[in-house]
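*Asks:* Could you have a look at this structure, given as structure tokens, before my questions?
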Amino acid sequence: MNVQRLIAVRDRNRPVGVEVHTSMQLPLRRATRRLATPPPEPAQIEELHEELARLRAQLADRDREAAQRELQLRASYEATVRALADAVEARDAYTARHAERVAAYGLEIARACGIDTSESADLEFGFLLHDIGKIGISDTILYKPGRLTNQERDAMRRHPVIGDDIVRGIDFLAGARQVVRSHHERWDGAGYPDRLAGERIPLAARVFAVADTFDALTSDRPYRAAASFTEARHVIANAAGSQFDPTVAAAFDDISDARFDAIRVALA
């Protein structure tokens, strides 16, 4: 028995003057409409599938375009950072490619510490731009061949703060500021500019401190020849717990000489 017949039987048996309650009428009308609506034709179903496929393809295209734009933007950022790092190193012929080597060493040490370096360029940008504040140091101090006076040393020690001021407000360098400002802090709190100690020093800056010392020791300078990797490792191990984070120093020591040598040769 269909819905219309049920309604007819109900109406015949309903006493005269008694109306069906509104709450009963609406479900019955909806049921009647559903029964009266024919199912979609196969052609209509096919059109719906085609429309969904078209929309999915459009979304996929937009995702690819967004990913491509992100890659282009990151490449532009990297080019800008490298240009800034080159501008700093151009002032000192004896530190040629220092920033690139330190960045490569630092990323290797960071990975040994369990840091995921693939998700963000903050670490690399900070390593490359660590000395950007030296742009604000006078040539008289920067190129002085002899020992600096106390006043000159104080001026030189302002370069992390100057660098922090330079990169402040640049959104894509927000993460790099930690290294720029804190790369001369020491584990024992005797560093500068903020005399931070232990884990109060950002981890990126603690990693950089080891990488920077390693590169400085194993590079030729006008006043000395480069130390061997073995000698540099010995210096860093002896300073673990005072100048360097012991955990970072241990992770550094786990990296093979062959890996560091490959980096040095590539960036000679």
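Residue numbering restarts at 1 in every chain; chains get A, B, ... in the order shown in the structure tokens, and ligands count up from 1 in that same order.
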Compile the contact shell of region 190-199 of chain A as a PyMOL selection string: residues with an atom at most 8 Å away, counting only C-alpha atoms, same-chain residues fewer than 5 positions apart removed.
*Replies:* chain A and resi 157-158+160-161+181-182+184-185+245
*Asks:* Return as a PyMOL selection string the full set of residues in region 86-194 of chain A whose backbone-based DSSP assignment is helix (DSSP H, G or I).
*Replies:* chain A and resi 86-89+93-95+98-112+122-128+132-136+139-142+150-156+159-167+171-173+177-182
*Asks:* Go ahead and save the residues from that selection, with C-alpha atoms, as a PDB file, in the first residue's frame.
*Replies:*
```
ATOM      1  CA  ASP A  86      79.335  37.989   0.282  1.00  0.00           C
ATOM      2  CA  ALA A  87      79.172  41.716   1.027  1.00  0.00           C
ATOM      3  CA  VAL A  88      80.429  41.056   4.564  1.00  0.00           C
ATOM      4  CA  GLU A  89      83.238  38.744   3.440  1.00  0.00           C
ATOM      5  CA  ALA A  93      90.087  38.684   2.019  1.00  0.00           C
ATOM      6  CA  TYR A  94      91.294  36.233   4.673  1.00  0.00           C
ATOM      7  CA  THR A  95      87.810  34.941   5.445  1.00  0.00           C
ATOM      8  CA  HIS A  98      84.141  31.350   5.571  1.00  0.00           C
ATOM      9  CA  ALA A  99      80.378  31.886   5.908  1.00  0.00           C
ATOM     10  CA  GLU A 100      79.595  29.155   3.379  1.00  0.00           C
ATOM     11  CA  ARG A 101      81.934  26.651   5.051  1.00  0.00           C
ATOM     12  CA  VAL A 102      80.618  27.444   8.507  1.00  0.00           C
ATOM     13  CA  ALA A 103      77.046  27.081   7.238  1.00  0.00           C
ATOM     14  CA  ALA A 104      77.869  23.674   5.725  1.00  0.00           C
ATOM     15  CA  TYR A 105      79.718  22.517   8.860  1.00  0.00           C
ATOM     16  CA  GLY A 106      76.936  23.875  11.054  1.00  0.00           C
ATOM     17  CA  LEU A 107      74.181  22.078   9.155  1.00  0.00           C
ATOM     18  CA  GLU A 108      76.166  18.831   9.408  1.00  0.00           C
ATOM     19  CA  ILE A 109      76.555  19.275  13.174  1.00  0.00           C
ATOM     20  CA  ALA A 110      72.881  20.230  13.528  1.00  0.00           C
ATOM     21  CA  ARG A 111      71.842  16.999  11.833  1.00  0.00           C
ATOM     22  CA  ALA A 112      74.170  15.053  14.149  1.00  0.00           C
ATOM     23  CA  ASP A 122      66.417  29.593   9.334  1.00  0.00           C
ATOM     24  CA  LEU A 123      69.551  27.737  10.435  1.00  0.00           C
ATOM     25  CA  GLU A 124      71.377  28.191   7.150  1.00  0.00           C
ATOM     26  CA  PHE A 125      70.390  31.861   6.901  1.00  0.00           C
ATOM     27  CA  GLY A 126      71.633  32.484  10.437  1.00  0.00           C
ATOM     28  CA  PHE A 127      74.927  30.705   9.783  1.00  0.00           C
ATOM     29  CA  LEU A 128      75.509  32.650   6.567  1.00  0.00           C
ATOM     30  CA  ILE A 132      76.545  40.821   9.128  1.00  0.00           C
ATOM     31  CA  GLY A 133      76.960  43.282  12.010  1.00  0.00           C
ATOM     32  CA  LYS A 134      80.601  43.785  11.029  1.00  0.00           C
ATOM     33  CA  ILE A 135      79.284  46.071   8.302  1.00  0.00           C
ATOM     34  CA  GLY A 136      78.894  48.589  11.103  1.00  0.00           C
ATOM     35  CA  ASP A 139      87.821  49.631   8.911  1.00  0.00           C
ATOM     36  CA  THR A 140      90.390  50.946  11.382  1.00  0.00           C
ATOM     37  CA  ILE A 141      89.291  48.349  13.920  1.00  0.00           C
ATOM     38  CA  LEU A 142      88.391  45.587  11.500  1.00  0.00           C
ATOM     39  CA  ASN A 150      90.017  47.605  25.289  1.00  0.00           C
ATOM     40  CA  GLN A 151      87.895  50.318  23.690  1.00  0.00           C
ATOM     41  CA  GLU A 152      88.382  48.815  20.222  1.00  0.00           C
ATOM     42  CA  ARG A 153      87.554  45.364  21.545  1.00  0.00           C
ATOM     43  CA  ASP A 154      84.348  46.681  23.057  1.00  0.00           C
ATOM     44  CA  ALA A 155      83.434  48.240  19.715  1.00  0.00           C
ATOM     45  CA  MET A 156      84.133  44.963  17.897  1.00  0.00           C
ATOM     46  CA  HIS A 159      78.764  43.502  15.991  1.00  0.00           C
ATOM     47  CA  PRO A 160      76.221  40.864  17.168  1.00  0.00           C
ATOM     48  CA  VAL A 161      73.925  43.658  18.390  1.00  0.00           C
ATOM     49  CA  ILE A 162      74.445  45.656  15.194  1.00  0.00           C
ATOM     50  CA  GLY A 163      73.648  42.526  13.163  1.00  0.00           C
ATOM     51  CA  ASP A 164      70.517  41.913  15.190  1.00  0.00           C
ATOM     52  CA  ASP A 165      69.393  45.474  14.467  1.00  0.00           C
ATOM     53  CA  ILE A 166      70.029  44.956  10.744  1.00  0.00           C
ATOM     54  CA  VAL A 167      67.926  41.792  10.399  1.00  0.00           C
ATOM     55  CA  ASP A 171      60.223  38.506   8.364  1.00  0.00           C
ATOM     56  CA  PHE A 172      62.060  35.753   6.530  1.00  0.00           C
ATOM     57  CA  LEU A 173      65.152  36.322   8.736  1.00  0.00           C
ATOM     58  CA  ARG A 177      68.362  36.442  14.441  1.00  0.00           C
ATOM     59  CA  GLN A 178      69.147  33.866  17.129  1.00  0.00           C
ATOM     60  CA  VAL A 179      72.484  33.045  15.510  1.00  0.00           C
ATOM     61  CA  VAL A 180      73.253  36.627  14.481  1.00  0.00           C
ATOM     62  CA  ARG A 181      72.865  37.920  18.044  1.00  0.00           C
ATOM     63  CA  SER A 182      74.068  34.962  20.128  1.00  0.00           C
TER      64      SER A 182
END
```
*Asks:* With distances taken over only C-alpha atoms, which residue among A:Ala227, A:Ala266, A:Leu52, A:Ala121 lies nearest Asp215 (chain A)?
*Replies:* A:Ala227
*Asks:* Any idea what the distance is between CA of Arg82 (chain A) and CA of Asp116 (chain A)?
*Replies:* 21.6 Å
*Asks:* For Phe244 (chain A), which residue out of A:Ala216, A:Ala43, A:Ala232, A:Val207 is the nearest one, using only C-alpha atoms?
*Replies:* A:Val207
*Asks:* Calculate how many Å separate CA of Glu78 (chain A) from CA of Asp257 (chain A), rounding to one decimal.
*Replies:*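 CA of Asp257 (chain A) lies 28.0 Å from CA of Glu78 (chain A).
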*Asks:* One decimal, in Å: what's the spacing between CA of Arg264 (chain A) and CA of Ile201 (chain A)?
*Replies:*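 CA of Ile201 (chain A) lies 27.4 Å from CA of Arg264 (chain A).
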